[in-house]
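Reviewing the structure listed below.
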Amino acid sequence: MRVVKRSCLYLALLLLVISMTGCWDRKEIEDVGIVLGIGFDEPSKNMTEREKNGSIDGKKGKRQAISMIHQLAIPKQFAAKEAGISQKDYINLISEGTSVFENIRELSTRAERSPSYEHLRIIVISETIARNIDLNNLINFLLRNTETRRSIRVVISQGKAEDAFEKSGIVRNPALVLRELADNYQKTLSMANEFKLGDMSEKITGKTSFIVPRVDTTKKEAKIAGAAVIKGKTAKMIGWLGEKEIVGLNLLKGEKKNSGIISGSDPKSGETIVYEIRTVKSKIKPQVKGDKLSFAVEIHSEGKLREDWVDPGNAFDQEFIKRAEQATEVSIQELVEKVLTRTQNDFKVDVIGFGKKLSINYPQIWKKMKEDWDDEFSGVEVEVKVKVKIQEFGTRGTKKG
């Protein structure tokens with residue numbers, strides 16, 4: 001009996017010890033700074049020349065100084081509300097240094113709570129930084145940080161990243177607003193697909209050129225449309241693609257569903273016709289004849305006739321529907337050719353995925369061209385064929401019979 005009692009006592013003590021040591025490394029919410037957004041900018045003019053040149057131990061280094069913005073959430077219980085006026089639920093802290101880690105360490109001299117990146121939602125990189133700094137060096141620390149998730153969205157700002165995190169008159173956290181905007185990519189053709197920290201790491205590692213969604217900000221709002229073009233070999237930004245060029249790129253990729261409108265001109269009257277895309281599918285086929293490489297692209301779309309300014313525009317007349325389909329096909333062809341001209345002739349990079357198709361269909365040829373693919377792609381002929389089918393057209397017009 002004594003043995004049983006003694007065993008029960010030992011078991012109770014063991015359970016007590018386990019319960020006391022559980023979550024030994026847990027941090028209370030009051031002890032951490034919840035970071036929801038990070039931004040990268042060029043340093044301020046107030047930095048000394050030594051800091052700008054990245055001086056290390058009295059010797060000039062090659063690293064360029066950067067300014068880093070941390071947008072931290074202020075828990076509601078700490079947010080002041082006086083005289084019925086809601087205060088902002090966030091605070092922006094800015095640091096400057098020659099590395100990301102140095103910036104974070106400098107931040108600790110002014111913030112009583114250590115930054116936590118478990119809830120980081122978005123990273124904003126300014127155009128100046130993206131053009132002048134290897135993006136691999138910029139994201140290196142974040143990828144090594146165990147708190148940072150690879151699913152974090154990344155955008156590049158046309159202007160200062162700091163502006164994206166400060167909106168006059170807006171109480172809600174701008175980082176959360178930016179994240180929600182970035183997730184709207186399925187709703188419009190003028191937005192590039194979502195781009196994550198893990199995607200950037202993969203592209204940079206493979207030295208593959210890519211695009212990053214663009215954010216444009218004013219004092220009152222932010223807009224995500226268009227994209228920055230990043231060259232694979234340098235991991236630096238080389239230019240912008242506008243909204244219409246992104247529409248063409250999305251049509252080439254055929255990845256968008258239930259989104260986007262295309263405006264065209266009726267070939268007979270010249271009046272406006274508006275087509276809404278329901279589905280769009282694209283096939284990119286590499287073709288090899290002797291030493292010559294080319295690509296054939298087929299784009300098929302089905303959708304609705306949403307609006308026309310043609311008078312009379314009988315929506316039940318098959319001849320009119322054929323004209324509307326033709327007008328849409330011409331517009332899509334123009335949009336696609338425009339983005340091909342920009343990527344092949346102006347930027348000389350493949351951000352669409354032609355190289356991937358080549359590697360799948362002709363792996364031996366891809367192996368020979370892989371190292372200089374961007375240059376090779378700039379001289380490759382691409383033939384595009386477009387087919388549009390209008391399935392729905394509303395009730396405008398007079399039904400015959």
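So you can find residues: chains in the structure tokens are A, B, ... in the order shown, residues in each start at 1, and ligands are numbered from 1 in order.
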So that I can see what lies close to Trp240 in chain A, please list as a compact mmCIF listing (two decimals) with N, CA and C atoms, in the first residue's frame the residues with an atom at most 8 Å from it, counting only C-alpha atoms and leaving out residues fewer than 3 positions away in the same chain.
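The result, stored in part.txt:
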```
# COMPACT_ATOMS: atom_id res chain seq x y z
N GLY A 226 0.07 47.14 -62.27
CA GLY A 226 1.36 47.18 -62.95
C GLY A 226 2.38 46.35 -62.17
N ALA A 227 3.62 46.37 -62.62
CA ALA A 227 4.65 45.55 -61.96
C ALA A 227 6.04 46.04 -62.29
N ALA A 228 6.97 45.72 -61.39
CA ALA A 228 8.39 45.99 -61.61
C ALA A 228 9.02 44.77 -62.27
N VAL A 229 9.94 45.01 -63.18
CA VAL A 229 10.64 43.93 -63.88
C VAL A 229 12.01 43.73 -63.23
```
Spatial neighbours of Thr128 in chain A, 12 Å, only C-alpha atoms, chain gap at least 4 places, as a list in words:
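Here the qualifying residues turn out to be Phe40, Asp41, Glu42, Pro43, Gln64, Ile66, Ser67, Val124, Asn132, Ile133, Asp134, Leu135, Ile156, Ser157, Gln158, Gly159, Lys160, Ala161, Ala228, Lys236, Met237, Ile238 and Gly239 of chain A.
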Name the residues of range 280-379 of chain A that come out as strand (DSSP E or B) in a backbone DSSP run; write them as a PyMOL selection string.
chain A and resi 280-289+292-308
Residues within 10 Å of Asn193 in chain A, only C-alpha atoms, excluding chain neighbours under 4 positions, as number ranges by chain:
A: 182-186, 188-189, 211-213, 227, 246, 250, 255-256
Residues as selected, C-alpha atoms, written as a PDB file, in the first residue's frame, can you do that?
```
ATOM      1  CA  ALA A 182      -2.363  42.402 -52.957  1.00  0.00           C
ATOM      2  CA  ASP A 183      -4.781  39.501 -52.541  1.00  0.00           C
ATOM      3  CA  ASN A 184      -7.227  41.048 -55.052  1.00  0.00           C
ATOM      4  CA  TYR A 185      -5.152  39.858 -58.010  1.00  0.00           C
ATOM      5  CA  GLN A 186      -7.856  37.429 -59.160  1.00  0.00           C
ATOM      6  CA  THR A 188      -8.632  42.258 -62.281  1.00  0.00           C
ATOM      7  CA  LEU A 189      -6.325  41.714 -65.235  1.00  0.00           C
ATOM      8  CA  ILE A 211       7.956  40.629 -62.033  1.00  0.00           C
ATOM      9  CA  VAL A 212       6.834  42.008 -58.679  1.00  0.00           C
ATOM     10  CA  PRO A 213       3.487  43.821 -58.204  1.00  0.00           C
ATOM     11  CA  ALA A 227       4.647  45.549 -61.963  1.00  0.00           C
ATOM     12  CA  ILE A 246       0.181  43.469 -67.292  1.00  0.00           C
ATOM     13  CA  ASN A 250      -1.885  37.825 -67.877  1.00  0.00           C
ATOM     14  CA  GLU A 255      -3.905  32.209 -65.511  1.00  0.00           C
ATOM     15  CA  LYS A 256      -6.770  34.572 -64.700  1.00  0.00           C
TER      16      LYS A 256
END
```
Which residues come within 12 Å of Gly353 in chain A, counting only C-alpha atoms, excluding same-chain residues fewer than 6 positions away, as a short mmCIF file (atom, residue, chain, number, x, y, z; two decimals) with C-alpha atoms, in the first residue's frame?
```cif
data_model
loop_
_atom_site.label_atom_id
_atom_site.label_comp_id
_atom_site.auth_asym_id
_atom_site.auth_seq_id
_atom_site.Cartn_x
_atom_site.Cartn_y
_atom_site.Cartn_z
CA LYS A 203 13.52 33.11 -58.77
CA THR A 208 15.23 33.68 -63.54
CA SER A 209 13.79 37.08 -64.49
CA PHE A 210 10.45 37.90 -62.88
CA ILE A 211 7.96 40.63 -62.03
CA LEU A 249 1.01 39.40 -69.78
CA ASN A 250 -1.88 37.82 -67.88
CA LEU A 252 -0.39 35.36 -72.41
CA LYS A 253 -0.12 33.26 -69.27
CA GLY A 254 -3.82 32.41 -69.30
CA GLU A 255 -3.90 32.21 -65.51
CA SER A 282 -3.29 30.00 -73.16
CA LYS A 283 -1.03 27.43 -74.80
CA ILE A 284 2.62 28.25 -75.41
CA LYS A 285 4.29 25.79 -77.78
CA PRO A 286 8.00 25.91 -78.60
CA PHE A 295 7.01 29.93 -80.20
CA VAL A 297 0.84 30.99 -78.68
CA LEU A 340 6.06 41.08 -75.95
CA THR A 343 9.93 42.31 -72.63
CA SER A 359 12.76 23.20 -70.77
CA ILE A 360 9.77 20.81 -70.62
CA TRP A 373 18.18 32.60 -72.02
CA ASP A 374 17.11 36.23 -71.58
CA PHE A 377 14.57 35.08 -75.89
#
```
Report, in Å with one decimal, the straight-line distance from CA of Leu293 in chain A to CA of Thr234 in chain A.
25.7 Å
If you count only C-alpha atoms, which residues fall within 12 Å of Asn137 in chain A, apart from same-chain ones fewer than 6 positions away, as a ChimeraX atom specification?
/A:63-64,66,98-101,129-130,143-144,200-201,204-205,234-236
Dump C-alpha atoms for the selected residues as a CSV table (one decimal), in the first residue's frame?
```csv
chain,number,residue,atom,x,y,z
A,63,ARG,CA,27.5,47.8,-49.0
A,64,GLN,CA,25.0,50.5,-49.6
A,66,ILE,CA,19.4,51.3,-46.4
A,98,THR,CA,24.3,49.0,-43.8
A,99,SER,CA,22.5,45.7,-43.4
A,100,VAL,CA,19.0,44.5,-42.4
A,101,PHE,CA,20.3,43.0,-39.2
A,129,ILE,CA,16.5,50.2,-53.5
A,130,ALA,CA,15.2,47.6,-56.0
A,143,LEU,CA,14.7,34.0,-45.1
A,144,ARG,CA,17.1,33.0,-42.3
A,200,MET,CA,11.4,35.8,-54.8
A,201,SER,CA,13.9,33.4,-53.2
A,204,ILE,CA,16.7,34.7,-57.5
A,205,THR,CA,18.3,31.4,-56.8
A,234,THR,CA,21.5,40.9,-61.4
A,235,ALA,CA,18.5,40.4,-59.1
A,236,LYS,CA,17.8,44.2,-59.7
```
Using only C-alpha atoms, which residues sit within 9 Å of range 173-176 of chain A once same-chain residues fewer than 6 positions away are excluded, as a PyMOL selection string?
chain A and resi 36-38+71-73+88-91+120-123+164-167+222
Residues of the last selection are to be written out with N, CA and C atoms, as a compact mmCIF listing (two decimals), in the first residue's frame.
```txt
# COMPACT_ATOMS: atom_id res chain seq x y z
N LEU A 36 3.75 44.08 -38.63
CA LEU A 36 2.81 43.71 -39.69
C LEU A 36 3.33 44.09 -41.07
N GLY A 37 4.23 45.05 -41.13
CA GLY A 37 4.77 45.47 -42.42
C GLY A 37 6.22 45.91 -42.30
N ILE A 38 6.99 45.65 -43.35
CA ILE A 38 8.39 46.07 -43.42
C ILE A 38 8.60 46.81 -44.74
N GLN A 71 6.46 48.63 -39.38
CA GLN A 71 5.14 49.06 -38.94
C GLN A 71 4.64 48.06 -37.89
N LEU A 72 4.51 48.56 -36.68
CA LEU A 72 4.11 47.72 -35.55
C LEU A 72 2.66 48.00 -35.17
N ALA A 73 1.97 46.93 -34.83
CA ALA A 73 0.59 47.06 -34.39
C ALA A 73 0.55 47.53 -32.94
N LYS A 88 -4.58 56.07 -34.18
CA LYS A 88 -4.07 55.03 -35.06
C LYS A 88 -3.67 53.80 -34.26
N ASP A 89 -3.94 52.62 -34.86
CA ASP A 89 -3.60 51.38 -34.17
C ASP A 89 -2.25 50.83 -34.63
N TYR A 90 -1.39 51.73 -35.11
CA TYR A 90 -0.06 51.32 -35.56
C TYR A 90 0.93 52.44 -35.33
N ILE A 91 2.20 52.08 -35.38
CA ILE A 91 3.27 53.06 -35.28
C ILE A 91 4.38 52.65 -36.25
N LEU A 120 4.00 39.06 -39.76
CA LEU A 120 4.36 39.95 -40.85
C LEU A 120 3.50 39.65 -42.08
N ARG A 121 2.88 40.69 -42.66
CA ARG A 121 1.93 40.49 -43.74
C ARG A 121 2.45 40.94 -45.10
N ILE A 122 3.31 41.96 -45.11
CA ILE A 122 3.75 42.47 -46.41
C ILE A 122 5.11 43.15 -46.30
N ILE A 123 5.87 43.06 -47.40
CA ILE A 123 7.17 43.72 -47.52
C ILE A 123 7.10 44.68 -48.70
N ALA A 164 3.92 54.25 -48.31
CA ALA A 164 2.90 53.19 -48.33
C ALA A 164 2.43 52.83 -46.93
N PHE A 165 3.23 53.19 -45.91
CA PHE A 165 2.90 52.84 -44.53
C PHE A 165 2.37 54.02 -43.72
N GLU A 166 2.10 55.12 -44.37
CA GLU A 166 1.58 56.28 -43.65
C GLU A 166 0.49 56.94 -44.48
N LYS A 167 -0.74 56.83 -44.02
CA LYS A 167 -1.87 57.40 -44.75
C LYS A 167 -2.61 58.39 -43.85
N ALA A 222 -3.63 53.87 -51.48
CA ALA A 222 -2.62 53.09 -52.20
C ALA A 222 -3.32 52.29 -53.29
```
Quick one: pick out all helix (DSSP H, G or I) residues within range 38-264 of chain A from a backbone DSSP run and write them as a ChimeraX atom specification.
/A:49-52,100-107,127-132,135-144,161-164,174-182,185-187,197-205,243-253
I need the residue nearest Asn345 in chain A from this list: A:Glu307, A:Leu241, A:Asp375, A:Trp366. Use only C-alpha atoms for the distance.
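Under the stated criterion, the closest residue is A:Asp375.
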